[in-house]
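So this one's final-v3.pdb, PDB, C-alpha atoms, pLDDT in the B column:
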ATOM      1  CA  MET A   1     -28.177 -25.396 -26.314  1.00 71.00           C
ATOM      2  CA  GLU A   2     -28.525 -26.183 -29.990  1.00 75.00           C
ATOM      3  CA  ARG A   3     -28.581 -22.452 -30.778  1.00 77.00           C
ATOM      4  CA  VAL A   4     -25.309 -21.988 -28.861  1.00 79.00           C
ATOM      5  CA  TRP A   5     -23.548 -24.687 -30.880  1.00 74.00           C
ATOM      6  CA  THR A   6     -24.934 -23.191 -34.078  1.00 79.00           C
ATOM      7  CA  LEU A   7     -23.614 -19.730 -33.190  1.00 81.00           C
ATOM      8  CA  LEU A   8     -20.177 -21.136 -32.337  1.00 80.00           C
ATOM      9  CA  SER A   9     -19.972 -23.424 -35.358  1.00 83.00           C
ATOM     10  CA  PHE A  10     -17.759 -22.933 -38.392  1.00 82.00           C
ATOM     11  CA  GLY A  11     -19.556 -21.996 -41.569  1.00 78.00           C
ATOM     12  CA  PRO A  12     -22.113 -19.468 -42.810  1.00 78.00           C
ATOM     13  CA  GLU A  13     -24.407 -19.884 -39.803  1.00 77.00           C
ATOM     14  CA  GLY A  14     -21.787 -19.634 -37.085  1.00 82.00           C
ATOM     15  CA  TRP A  15     -19.097 -17.277 -35.857  1.00 84.00           C
ATOM     16  CA  GLY A  16     -16.378 -19.869 -35.352  1.00 87.00           C
ATOM     17  CA  ASP A  17     -14.428 -18.813 -38.440  1.00 91.00           C
ATOM     18  CA  ASP A  18     -14.374 -15.150 -37.431  1.00 92.00           C
ATOM     19  CA  ILE A  19     -13.363 -15.889 -33.850  1.00 92.00           C
ATOM     20  CA  ALA A  20     -10.580 -18.227 -35.045  1.00 94.00           C
ATOM     21  CA  LYS A  21      -9.257 -15.441 -37.291  1.00 94.00           C
ATOM     22  CA  GLY A  22      -9.348 -13.138 -34.280  1.00 94.00           C
ATOM     23  CA  VAL A  23      -7.281 -15.608 -32.249  1.00 95.00           C
ATOM     24  CA  LEU A  24      -4.767 -15.875 -35.090  1.00 96.00           C
ATOM     25  CA  LEU A  25      -4.432 -12.096 -35.332  1.00 95.00           C
ATOM     26  CA  THR A  26      -4.048 -11.705 -31.556  1.00 95.00           C
ATOM     27  CA  VAL A  27      -1.301 -14.320 -31.381  1.00 95.00           C
ATOM     28  CA  SER A  28       0.413 -12.983 -34.518  1.00 96.00           C
ATOM     29  CA  LEU A  29       0.447  -9.437 -33.161  1.00 96.00           C
ATOM     30  CA  ALA A  30       1.852 -10.532 -29.793  1.00 96.00           C
ATOM     31  CA  LEU A  31       4.550 -12.687 -31.421  1.00 96.00           C
ATOM     32  CA  ALA A  32       5.495  -9.901 -33.856  1.00 96.00           C
ATOM     33  CA  THR A  33       5.708  -7.356 -31.034  1.00 96.00           C
ATOM     34  CA  LEU A  34       7.791  -9.534 -28.704  1.00 96.00           C
ATOM     35  CA  PRO A  35      11.155  -9.472 -30.557  1.00 96.00           C
ATOM     36  CA  LEU A  36      10.764  -5.756 -31.298  1.00 96.00           C
ATOM     37  CA  GLY A  37      10.108  -4.972 -27.647  1.00 96.00           C
ATOM     38  CA  LEU A  38      12.915  -7.222 -26.408  1.00 95.00           C
ATOM     39  CA  ALA A  39      15.466  -5.714 -28.797  1.00 96.00           C
ATOM     40  CA  ILE A  40      14.557  -2.111 -27.977  1.00 96.00           C
ATOM     41  CA  GLY A  41      14.345  -2.885 -24.257  1.00 96.00           C
ATOM     42  CA  PHE A  42      17.807  -4.471 -24.271  1.00 95.00           C
ATOM     43  CA  PHE A  43      19.424  -1.476 -25.976  1.00 95.00           C
ATOM     44  CA  VAL A  44      17.586   0.961 -23.723  1.00 95.00           C
ATOM     45  CA  ALA A  45      18.945  -0.958 -20.724  1.00 94.00           C
ATOM     46  CA  LEU A  46      22.440  -0.683 -22.203  1.00 93.00           C
ATOM     47  CA  GLY A  47      21.846   3.040 -22.614  1.00 94.00           C
ATOM     48  CA  LYS A  48      20.939   3.337 -18.932  1.00 93.00           C
ATOM     49  CA  ARG A  49      24.226   1.614 -18.045  1.00 90.00           C
ATOM     50  CA  SER A  50      26.259   3.767 -20.400  1.00 88.00           C
ATOM     51  CA  SER A  51      28.951   6.089 -19.121  1.00 88.00           C
ATOM     52  CA  ASP A  52      27.643   8.714 -21.568  1.00 91.00           C
ATOM     53  CA  LYS A  53      25.285  11.063 -19.714  1.00 92.00           C
ATOM     54  CA  THR A  54      23.386  11.882 -22.918  1.00 94.00           C
ATOM     55  CA  LEU A  55      22.610   8.230 -23.580  1.00 93.00           C
ATOM     56  CA  ARG A  56      21.534   7.685 -19.978  1.00 93.00           C
ATOM     57  CA  LEU A  57      19.265  10.724 -20.125  1.00 95.00           C
ATOM     58  CA  ALA A  58      17.714   9.646 -23.448  1.00 95.00           C
ATOM     59  CA  ALA A  59      17.075   6.120 -22.151  1.00 95.00           C
ATOM     60  CA  ASN A  60      15.493   7.420 -18.954  1.00 95.00           C
ATOM     61  CA  ILE A  61      13.277   9.857 -20.879  1.00 95.00           C
ATOM     62  CA  TYR A  62      12.159   7.017 -23.171  1.00 95.00           C
ATOM     63  CA  THR A  63      11.097   4.765 -20.312  1.00 95.00           C
ATOM     64  CA  THR A  64       9.471   7.626 -18.397  1.00 94.00           C
ATOM     65  CA  ILE A  65       7.318   8.540 -21.404  1.00 94.00           C
ATOM     66  CA  PHE A  66       6.118   5.073 -22.359  1.00 94.00           C
ATOM     67  CA  ARG A  67       5.711   3.830 -18.798  1.00 93.00           C
ATOM     68  CA  GLY A  68       3.778   6.974 -17.908  1.00 93.00           C
ATOM     69  CA  LEU A  69       1.382   7.108 -20.861  1.00 92.00           C
ATOM     70  CA  PRO A  70      -1.682   4.839 -20.947  1.00 93.00           C
ATOM     71  CA  GLU A  71      -1.272   2.103 -23.552  1.00 93.00           C
ATOM     72  CA  LEU A  72      -4.427   3.199 -25.363  1.00 93.00           C
ATOM     73  CA  LEU A  73      -3.148   6.774 -25.674  1.00 94.00           C
ATOM     74  CA  THR A  74       0.182   5.497 -27.027  1.00 94.00           C
ATOM     75  CA  LEU A  75      -1.742   3.475 -29.610  1.00 94.00           C
ATOM     76  CA  PHE A  76      -3.730   6.536 -30.696  1.00 93.00           C
ATOM     77  CA  LEU A  77      -0.575   8.658 -30.895  1.00 92.00           C
ATOM     78  CA  VAL A  78       1.110   6.135 -33.188  1.00 91.00           C
ATOM     79  CA  PHE A  79      -1.900   5.322 -35.361  1.00 91.00           C
ATOM     80  CA  TYR A  80      -3.369   8.809 -35.739  1.00 89.00           C
ATOM     81  CA  GLY A  81      -0.580  11.171 -34.696  1.00 88.00           C
ATOM     82  CA  ALA A  82       2.219   9.527 -36.666  1.00 84.00           C
ATOM     83  CA  GLN A  83      -0.059   9.237 -39.682  1.00 82.00           C
ATOM     84  CA  ILE A  84      -0.816  12.973 -39.626  1.00 83.00           C
ATOM     85  CA  GLY A  85       2.867  13.786 -39.107  1.00 84.00           C
ATOM     86  CA  LEU A  86       3.958  11.615 -42.046  1.00 82.00           C
ATOM     87  CA  GLN A  87       1.287  13.134 -44.273  1.00 80.00           C
ATOM     88  CA  GLN A  88       2.540  16.634 -43.501  1.00 82.00           C
ATOM     89  CA  ILE A  89       6.120  15.625 -44.319  1.00 83.00           C
ATOM     90  CA  VAL A  90       5.158  13.834 -47.556  1.00 81.00           C
ATOM     91  CA  ARG A  91       2.997  16.744 -48.709  1.00 79.00           C
ATOM     92  CA  LEU A  92       6.014  19.025 -48.548  1.00 79.00           C
ATOM     93  CA  VAL A  93       7.387  16.978 -51.440  1.00 80.00           C
ATOM     94  CA  ASN A  94       4.142  15.900 -53.114  1.00 79.00           C
ATOM     95  CA  PRO A  95       1.108  18.013 -52.144  1.00 77.00           C
ATOM     96  CA  GLY A  96      -1.367  15.496 -53.539  1.00 74.00           C
ATOM     97  CA  ALA A  97       0.036  12.447 -51.766  1.00 73.00           C
ATOM     98  CA  SER A  98      -1.557  10.710 -48.810  1.00 74.00           C
ATOM     99  CA  VAL A  99      -0.090   8.301 -46.258  1.00 74.00           C
ATOM    100  CA  GLU A 100      -1.850   5.562 -44.339  1.00 79.00           C
ATOM    101  CA  ILE A 101      -0.273   3.579 -41.513  1.00 82.00           C
ATOM    102  CA  ASN A 102      -1.221  -0.086 -41.429  1.00 88.00           C
ATOM    103  CA  ALA A 103      -3.216  -0.807 -38.270  1.00 90.00           C
ATOM    104  CA  PHE A 104      -1.221  -3.986 -37.556  1.00 93.00           C
ATOM    105  CA  VAL A 105       2.085  -2.126 -37.833  1.00 92.00           C
ATOM    106  CA  ALA A 106       0.770   0.717 -35.679  1.00 92.00           C
ATOM    107  CA  GLY A 107      -0.355  -1.758 -33.024  1.00 93.00           C
ATOM    108  CA  MET A 108       2.998  -3.521 -33.121  1.00 95.00           C
ATOM    109  CA  ILE A 109       4.959  -0.262 -32.748  1.00 94.00           C
ATOM    110  CA  ALA A 110       2.753   1.096 -29.946  1.00 94.00           C
ATOM    111  CA  LEU A 111       2.692  -2.131 -27.944  1.00 96.00           C
ATOM    112  CA  GLY A 112       6.399  -2.660 -28.648  1.00 96.00           C
ATOM    113  CA  ALA A 113       7.242   0.771 -27.255  1.00 95.00           C
ATOM    114  CA  VAL A 114       5.315   0.096 -24.048  1.00 96.00           C
ATOM    115  CA  PHE A 115       6.703  -3.438 -23.714  1.00 96.00           C
ATOM    116  CA  SER A 116      10.281  -2.270 -24.290  1.00 96.00           C
ATOM    117  CA  SER A 117      10.041   0.448 -21.637  1.00 96.00           C
ATOM    118  CA  TYR A 118       9.172  -2.136 -18.993  1.00 96.00           C
ATOM    119  CA  ALA A 119      11.529  -4.768 -20.412  1.00 96.00           C
ATOM    120  CA  SER A 120      14.425  -2.310 -20.109  1.00 95.00           C
ATOM    121  CA  GLU A 121      13.891  -2.189 -16.345  1.00 95.00           C
ATOM    122  CA  VAL A 122      13.868  -5.984 -16.177  1.00 95.00           C
ATOM    123  CA  PHE A 123      17.102  -6.162 -18.176  1.00 95.00           C
ATOM    124  CA  LEU A 124      18.641  -3.418 -16.046  1.00 94.00           C
ATOM    125  CA  ALA A 125      17.876  -5.315 -12.849  1.00 93.00           C
ATOM    126  CA  ALA A 126      19.346  -8.474 -14.388  1.00 92.00           C
ATOM    127  CA  PHE A 127      22.505  -6.582 -15.390  1.00 91.00           C
ATOM    128  CA  ARG A 128      22.910  -5.319 -11.842  1.00 89.00           C
ATOM    129  CA  ALA A 129      22.580  -8.871 -10.484  1.00 90.00           C
ATOM    130  CA  ILE A 130      25.604 -10.031 -12.499  1.00 86.00           C
ATOM    131  CA  PRO A 131      28.856  -9.435 -10.549  1.00 85.00           C
ATOM    132  CA  GLU A 132      31.409  -7.107 -12.117  1.00 83.00           C
ATOM    133  CA  GLY A 133      33.915  -9.924 -11.777  1.00 84.00           C
ATOM    134  CA  GLN A 134      32.192 -11.661 -14.704  1.00 83.00           C
ATOM    135  CA  TYR A 135      33.187  -8.801 -16.994  1.00 79.00           C
ATOM    136  CA  GLU A 136      36.695  -8.685 -15.548  1.00 79.00           C
ATOM    137  CA  GLY A 137      37.088 -12.441 -15.982  1.00 85.00           C
ATOM    138  CA  GLY A 138      36.128 -12.201 -19.659  1.00 83.00           C
ATOM    139  CA  HIS A 139      38.637  -9.440 -20.271  1.00 80.00           C
ATOM    140  CA  ALA A 140      41.303 -11.371 -18.332  1.00 84.00           C
ATOM    141  CA  ILE A 141      41.103 -14.327 -20.723  1.00 84.00           C
ATOM    142  CA  GLY A 142      41.384 -12.036 -23.740  1.00 82.00           C
ATOM    143  CA  LEU A 143      37.749 -11.651 -24.769  1.00 82.00           C
ATOM    144  CA  SER A 144      36.588  -8.418 -26.353  1.00 83.00           C
ATOM    145  CA  ASN A 145      33.657  -6.474 -24.924  1.00 80.00           C
ATOM    146  CA  ALA A 146      31.320  -7.968 -27.541  1.00 83.00           C
ATOM    147  CA  GLN A 147      32.572 -11.514 -26.889  1.00 84.00           C
ATOM    148  CA  THR A 148      32.252 -11.051 -23.130  1.00 84.00           C
ATOM    149  CA  MET A 149      28.681  -9.865 -23.568  1.00 84.00           C
ATOM    150  CA  ARG A 150      27.735 -12.697 -25.949  1.00 84.00           C
ATOM    151  CA  LEU A 151      29.505 -15.622 -24.278  1.00 82.00           C
ATOM    152  CA  ILE A 152      29.428 -14.737 -20.570  1.00 84.00           C
ATOM    153  CA  ILE A 153      26.888 -12.031 -19.783  1.00 85.00           C
ATOM    154  CA  LEU A 154      23.959 -12.796 -22.109  1.00 87.00           C
ATOM    155  CA  PRO A 155      23.374 -16.417 -20.946  1.00 85.00           C
ATOM    156  CA  GLN A 156      23.204 -15.218 -17.339  1.00 87.00           C
ATOM    157  CA  LEU A 157      21.144 -12.175 -18.287  1.00 88.00           C
ATOM    158  CA  ILE A 158      18.487 -14.274 -20.019  1.00 88.00           C
ATOM    159  CA  ARG A 159      18.179 -16.619 -17.048  1.00 88.00           C
ATOM    160  CA  LEU A 160      17.866 -13.743 -14.585  1.00 89.00           C
ATOM    161  CA  ALA A 161      15.466 -11.687 -16.704  1.00 92.00           C
ATOM    162  CA  LEU A 162      13.201 -14.535 -17.808  1.00 91.00           C
ATOM    163  CA  PRO A 163      10.719 -14.449 -14.864  1.00 90.00           C
ATOM    164  CA  GLY A 164      10.139 -10.721 -15.300  1.00 93.00           C
ATOM    165  CA  LEU A 165       9.896 -11.003 -19.080  1.00 94.00           C
ATOM    166  CA  SER A 166       7.397 -13.843 -18.689  1.00 93.00           C
ATOM    167  CA  ASN A 167       5.086 -11.534 -16.779  1.00 94.00           C
ATOM    168  CA  LEU A 168       5.506  -8.842 -19.412  1.00 95.00           C
ATOM    169  CA  TRP A 169       4.601 -11.336 -22.145  1.00 95.00           C
ATOM    170  CA  LEU A 170       1.305 -12.126 -20.415  1.00 94.00           C
ATOM    171  CA  ILE A 171       0.594  -8.405 -20.080  1.00 94.00           C
ATOM    172  CA  LEU A 172       1.404  -7.927 -23.776  1.00 95.00           C
ATOM    173  CA  LEU A 173      -0.962 -10.752 -24.704  1.00 94.00           C
ATOM    174  CA  LYS A 174      -3.804  -9.016 -22.870  1.00 93.00           C
ATOM    175  CA  ASP A 175      -2.904  -5.564 -24.205  1.00 93.00           C
ATOM    176  CA  THR A 176      -3.421  -6.780 -27.778  1.00 94.00           C
ATOM    177  CA  ALA A 177      -7.143  -6.327 -27.057  1.00 93.00           C
ATOM    178  CA  LEU A 178      -6.568  -2.571 -27.371  1.00 93.00           C
ATOM    179  CA  VAL A 179      -6.003  -2.801 -31.129  1.00 93.00           C
ATOM    180  CA  SER A 180      -9.709  -3.493 -31.612  1.00 91.00           C
ATOM    181  CA  VAL A 181     -10.273   0.288 -31.295  1.00 92.00           C
ATOM    182  CA  ILE A 182      -8.258   0.952 -34.475  1.00 90.00           C
ATOM    183  CA  GLY A 183     -10.142  -1.633 -36.514  1.00 88.00           C
ATOM    184  CA  LEU A 184      -8.022  -4.762 -36.194  1.00 90.00           C
ATOM    185  CA  ALA A 185     -10.160  -7.901 -36.082  1.00 90.00           C
ATOM    186  CA  ASP A 186      -8.688  -9.450 -32.958  1.00 92.00           C
ATOM    187  CA  ILE A 187     -10.467 -11.674 -30.436  1.00 93.00           C
ATOM    188  CA  LEU A 188     -12.245  -8.814 -28.678  1.00 92.00           C
ATOM    189  CA  ARG A 189     -13.442  -7.115 -31.866  1.00 92.00           C
ATOM    190  CA  GLN A 190     -14.717 -10.331 -33.441  1.00 93.00           C
ATOM    191  CA  THR A 191     -16.555 -11.443 -30.337  1.00 92.00           C
ATOM    192  CA  GLY A 192     -17.903  -7.894 -29.874  1.00 92.00           C
ATOM    193  CA  ILE A 193     -19.335  -7.877 -33.392  1.00 92.00           C
ATOM    194  CA  ALA A 194     -20.857 -11.308 -32.844  1.00 92.00           C
ATOM    195  CA  ALA A 195     -22.370 -10.154 -29.537  1.00 91.00           C
ATOM    196  CA  ARG A 196     -23.995  -7.097 -31.143  1.00 92.00           C
ATOM    197  CA  VAL A 197     -25.352  -8.981 -34.149  1.00 90.00           C
ATOM    198  CA  THR A 198     -26.732 -11.975 -32.254  1.00 89.00           C
ATOM    199  CA  LYS A 199     -27.687 -10.156 -29.012  1.00 90.00           C
ATOM    200  CA  GLU A 200     -25.760 -12.869 -27.143  1.00 88.00           C
ATOM    201  CA  ALA A 201     -23.278 -10.674 -25.300  1.00 89.00           C
ATOM    202  CA  PHE A 202     -22.761 -13.016 -22.356  1.00 91.00           C
ATOM    203  CA  LEU A 203     -22.002 -15.970 -24.630  1.00 90.00           C
ATOM    204  CA  PHE A 204     -19.473 -14.288 -26.893  1.00 91.00           C
ATOM    205  CA  PHE A 205     -17.709 -12.194 -24.276  1.00 93.00           C
ATOM    206  CA  GLY A 206     -17.539 -15.346 -22.172  1.00 94.00           C
ATOM    207  CA  ILE A 207     -15.872 -17.075 -25.127  1.00 93.00           C
ATOM    208  CA  ALA A 208     -13.399 -14.176 -25.324  1.00 94.00           C
ATOM    209  CA  CYS A 209     -12.571 -14.637 -21.635  1.00 95.00           C
ATOM    210  CA  LEU A 210     -11.976 -18.358 -22.139  1.00 95.00           C
ATOM    211  CA  LEU A 211      -9.761 -17.760 -25.179  1.00 95.00           C
ATOM    212  CA  TYR A 212      -7.541 -15.265 -23.348  1.00 95.00           C
ATOM    213  CA  LEU A 213      -7.298 -17.628 -20.367  1.00 95.00           C
ATOM    214  CA  VAL A 214      -6.346 -20.535 -22.640  1.00 95.00           C
ATOM    215  CA  LEU A 215      -3.670 -18.433 -24.340  1.00 95.00           C
ATOM    216  CA  ALA A 216      -2.352 -17.356 -20.927  1.00 94.00           C
ATOM    217  CA  MET A 217      -2.223 -20.959 -19.660  1.00 95.00           C
ATOM    218  CA  LEU A 218      -0.467 -22.197 -22.796  1.00 95.00           C
ATOM    219  CA  SER A 219       2.015 -19.318 -22.510  1.00 94.00           C
ATOM    220  CA  SER A 220       2.664 -20.178 -18.861  1.00 92.00           C
ATOM    221  CA  ILE A 221       3.415 -23.803 -19.766  1.00 93.00           C
ATOM    222  CA  VAL A 222       5.837 -22.767 -22.520  1.00 93.00           C
ATOM    223  CA  LEU A 223       7.522 -20.138 -20.350  1.00 90.00           C
ATOM    224  CA  ARG A 224       7.870 -22.550 -17.423  1.00 90.00           C
ATOM    225  CA  THR A 225       9.478 -25.096 -19.756  1.00 90.00           C
ATOM    226  CA  ILE A 226      11.941 -22.486 -21.031  1.00 86.00           C
ATOM    227  CA  GLU A 227      12.725 -21.346 -17.499  1.00 84.00           C
ATOM    228  CA  ASN A 228      13.376 -24.919 -16.316  1.00 84.00           C
ATOM    229  CA  TRP A 229      15.629 -25.494 -19.335  1.00 81.00           C
ATOM    230  CA  THR A 230      17.662 -22.365 -18.621  1.00 78.00           C
ATOM    231  CA  LYS A 231      18.065 -23.406 -14.979  1.00 74.00           C
ATOM    232  CA  ARG A 232      19.317 -26.883 -15.947  1.00 72.00           C
ATOM    233  CA  HIS A 233      21.586 -25.400 -18.574  1.00 63.00           C
ATOM    234  CA  GLY A 234      22.955 -22.914 -16.044  1.00 56.00           C
ATOM    235  CA  VAL A 235      23.717 -25.673 -13.542  1.00 43.00           C
ATOM    236  CA  GLN A 236      25.493 -27.739 -16.220  1.00 48.00           C
ATOM    237  CA  ARG A 237      27.619 -24.732 -17.147  1.00 48.00           C
TER     238      ARG A 237
END
As structure tokens - that is how I would like this structure written.
Amino acid sequence: MERVWTLLSFGPEGWGDDIAKGVLLTVSLALATLPLGLAIGFFVALGKRSSDKTLRLAANIYTTIFRGLPELLTLFLVFYGAQIGLQQIVRLVNPGASVEINAFVAGMIALGAVFSSYASEVFLAAFRAIPEGQYEGGHAIGLSNAQTMRLIILPQLIRLALPGLSNLWLILLKDTALVSVIGLADILRQTGIAARVTKEAFLFFGIACLLYLVLAMLSSIVLRTIENWTKRHGVQR
């Protein structure tokens, strides 16, 4: 038991510092990806509701691609494929130049694309649950389209979409483990290194399991609090 505490301790003899850094990177990546995915997902949902056939087609193609591709393949396409593509473009101007995509940014873009494709469907379902009379009522009292969306539709949309988005957040939190394959020192990579070096695979992968479960439970508490607040706020309105 003493050896276990030594391995998990903070300092030169333990792996606590490295695992803590992995937790910080995992949480940072998920939090950085969330607003990107929500923003893109919202606009893609608007595109699917558009009267313009081109916009609807583009939005549907976007969601079909990123919902159909495995997340790991999307990550490789962004990290390696985009890097090669950018290098070819830059070399047209400067033959000796080279381009490197930051692994964190690549992970954020790839996970954000996948998250947004699913979030767009959640937003679309929430839009469809809002009666058309809400839009007509906003226009009847003299509100512009933007004001109607901001003051009347968005508060209802958030309340309706929150349960689905909560599930997507938990999926996103788990999918951050994929970035370990492109060199980011997240929870899985740090515990994997520790397991290989110490030959204590069960211990460190067990710690990884516990950390992901703790993050999921904390997320559930926060999301449930937000959901209860939106319900109370909706009733008061």
message: Once the PyMOL selection byres ((chain A and resi 31-39) around 6) is applied to the coordinates I shared, what remains selected? I want it as number ranges by chain.
response: A: 28-30, 40-42, 108, 112, 115-116
Neighbour list for region 43-58 of chain A as a list in words, cut-off 12 Å, only C-alpha atoms, skip fewer than 6 positions in-chain: Leu36, Gly37, Thr64, Ile65, Ala113, Phe115, Ser116, Ser117, Tyr118, Ala119, Ser120, Glu121, Val122, Phe123, Leu124, Ala125, Ala126, Phe127, Arg128, Met149, Leu157 and Ala161 of chain A
task: Could you tell me how far CA of Ala110 (chain A) lies from CA of Ala82 (chain A), in Å and to one decimal?
output: 10.8 Å
- request: Can you turn the PyMOL selection byres ((chain A and resi 11-23) around 12) into a concrete residue list for this file, as JSON, numbers by chain?
  value: {"A": [2, 3, 4, 5, 6, 7, 8, 9, 10, 24, 25, 26, 27, 28, 29, 30, 173, 174, 176, 177, 179, 180, 183, 184, 185, 186, 187, 188, 189, 190, 191, 192, 193, 194, 195, 197, 198, 200, 203, 204, 205, 207, 208, 209, 210, 211, 212, 214, 215]}
Could you turn the residues from that selection into a file that holds C-alpha atoms, as a PDB file, keeping the file's coordinate frame?
ATOM      1  CA  GLU A   2     -28.525 -26.183 -29.990  1.00 75.00           C
ATOM      2  CA  ARG A   3     -28.581 -22.452 -30.778  1.00 77.00           C
ATOM      3  CA  VAL A   4     -25.309 -21.988 -28.861  1.00 79.00           C
ATOM      4  CA  TRP A   5     -23.548 -24.687 -30.880  1.00 74.00           C
ATOM      5  CA  THR A   6     -24.934 -23.191 -34.078  1.00 79.00           C
ATOM      6  CA  LEU A   7     -23.614 -19.730 -33.190  1.00 81.00           C
ATOM      7  CA  LEU A   8     -20.177 -21.136 -32.337  1.00 80.00           C
ATOM      8  CA  SER A   9     -19.972 -23.424 -35.358  1.00 83.00           C
ATOM      9  CA  PHE A  10     -17.759 -22.933 -38.392  1.00 82.00           C
ATOM     10  CA  LEU A  24      -4.767 -15.875 -35.090  1.00 96.00           C
ATOM     11  CA  LEU A  25      -4.432 -12.096 -35.332  1.00 95.00           C
ATOM     12  CA  THR A  26      -4.048 -11.705 -31.556  1.00 95.00           C
ATOM     13  CA  VAL A  27      -1.301 -14.320 -31.381  1.00 95.00           C
ATOM     14  CA  SER A  28       0.413 -12.983 -34.518  1.00 96.00           C
ATOM     15  CA  LEU A  29       0.447  -9.437 -33.161  1.00 96.00           C
ATOM     16  CA  ALA A  30       1.852 -10.532 -29.793  1.00 96.00           C
ATOM     17  CA  LEU A 173      -0.962 -10.752 -24.704  1.00 94.00           C
ATOM     18  CA  LYS A 174      -3.804  -9.016 -22.870  1.00 93.00           C
ATOM     19  CA  THR A 176      -3.421  -6.780 -27.778  1.00 94.00           C
ATOM     20  CA  ALA A 177      -7.143  -6.327 -27.057  1.00 93.00           C
ATOM     21  CA  VAL A 179      -6.003  -2.801 -31.129  1.00 93.00           C
ATOM     22  CA  SER A 180      -9.709  -3.493 -31.612  1.00 91.00           C
ATOM     23  CA  GLY A 183     -10.142  -1.633 -36.514  1.00 88.00           C
ATOM     24  CA  LEU A 184      -8.022  -4.762 -36.194  1.00 90.00           C
ATOM     25  CA  ALA A 185     -10.160  -7.901 -36.082  1.00 90.00           C
ATOM     26  CA  ASP A 186      -8.688  -9.450 -32.958  1.00 92.00           C
ATOM     27  CA  ILE A 187     -10.467 -11.674 -30.436  1.00 93.00           C
ATOM     28  CA  LEU A 188     -12.245  -8.814 -28.678  1.00 92.00           C
ATOM     29  CA  ARG A 189     -13.442  -7.115 -31.866  1.00 92.00           C
ATOM     30  CA  GLN A 190     -14.717 -10.331 -33.441  1.00 93.00           C
ATOM     31  CA  THR A 191     -16.555 -11.443 -30.337  1.00 92.00           C
ATOM     32  CA  GLY A 192     -17.903  -7.894 -29.874  1.00 92.00           C
ATOM     33  CA  ILE A 193     -19.335  -7.877 -33.392  1.00 92.00           C
ATOM     34  CA  ALA A 194     -20.857 -11.308 -32.844  1.00 92.00           C
ATOM     35  CA  ALA A 195     -22.370 -10.154 -29.537  1.00 91.00           C
ATOM     36  CA  VAL A 197     -25.352  -8.981 -34.149  1.00 90.00           C
ATOM     37  CA  THR A 198     -26.732 -11.975 -32.254  1.00 89.00           C
ATOM     38  CA  GLU A 200     -25.760 -12.869 -27.143  1.00 88.00           C
ATOM     39  CA  LEU A 203     -22.002 -15.970 -24.630  1.00 90.00           C
ATOM     40  CA  PHE A 204     -19.473 -14.288 -26.893  1.00 91.00           C
ATOM     41  CA  PHE A 205     -17.709 -12.194 -24.276  1.00 93.00           C
ATOM     42  CA  ILE A 207     -15.872 -17.075 -25.127  1.00 93.00           C
ATOM     43  CA  ALA A 208     -13.399 -14.176 -25.324  1.00 94.00           C
ATOM     44  CA  CYS A 209     -12.571 -14.637 -21.635  1.00 95.00           C
ATOM     45  CA  LEU A 210     -11.976 -18.358 -22.139  1.00 95.00           C
ATOM     46  CA  LEU A 211      -9.761 -17.760 -25.179  1.00 95.00           C
ATOM     47  CA  TYR A 212      -7.541 -15.265 -23.348  1.00 95.00           C
ATOM     48  CA  VAL A 214      -6.346 -20.535 -22.640  1.00 95.00           C
ATOM     49  CA  LEU A 215      -3.670 -18.433 -24.340  1.00 95.00           C
TER      50      LEU A 215
END
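CA of Gly164 (chain A) is positioned 13.9 Å from CA of Ser219 (chain A).
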task: Just the residues within 12 Å of Gln156 (chain A), please, counting all atoms listed in the file, with nothing from its chain fewer than 3 positions along; format it as a PyMOL selection string.
output: chain A and resi 123+126-131+134-135+148-153+159-162+230-231+233-235+237
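The spacing separating CA of Pro155 (chain A) from CA of Arg224 (chain A) amounts to 17.0 Å.
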message: Neighbouring residues of Leu223 (chain A) were defined as those with any atom within 10 Å, considering all atoms listed in the file; residues of the same chain fewer than 5 positions away were excluded. Please report them as a ChimeraX atom specification.
response: /A:162-163,165-167,169,217-218,228-229
- request: Expand the PyMOL selection byres ((chain A and resi 83) around 12) into the individual residues it matches in the shown file, reporting them as a PyMOL selection string.
  value: chain A and resi 75-82+84-90+98-103+105-106
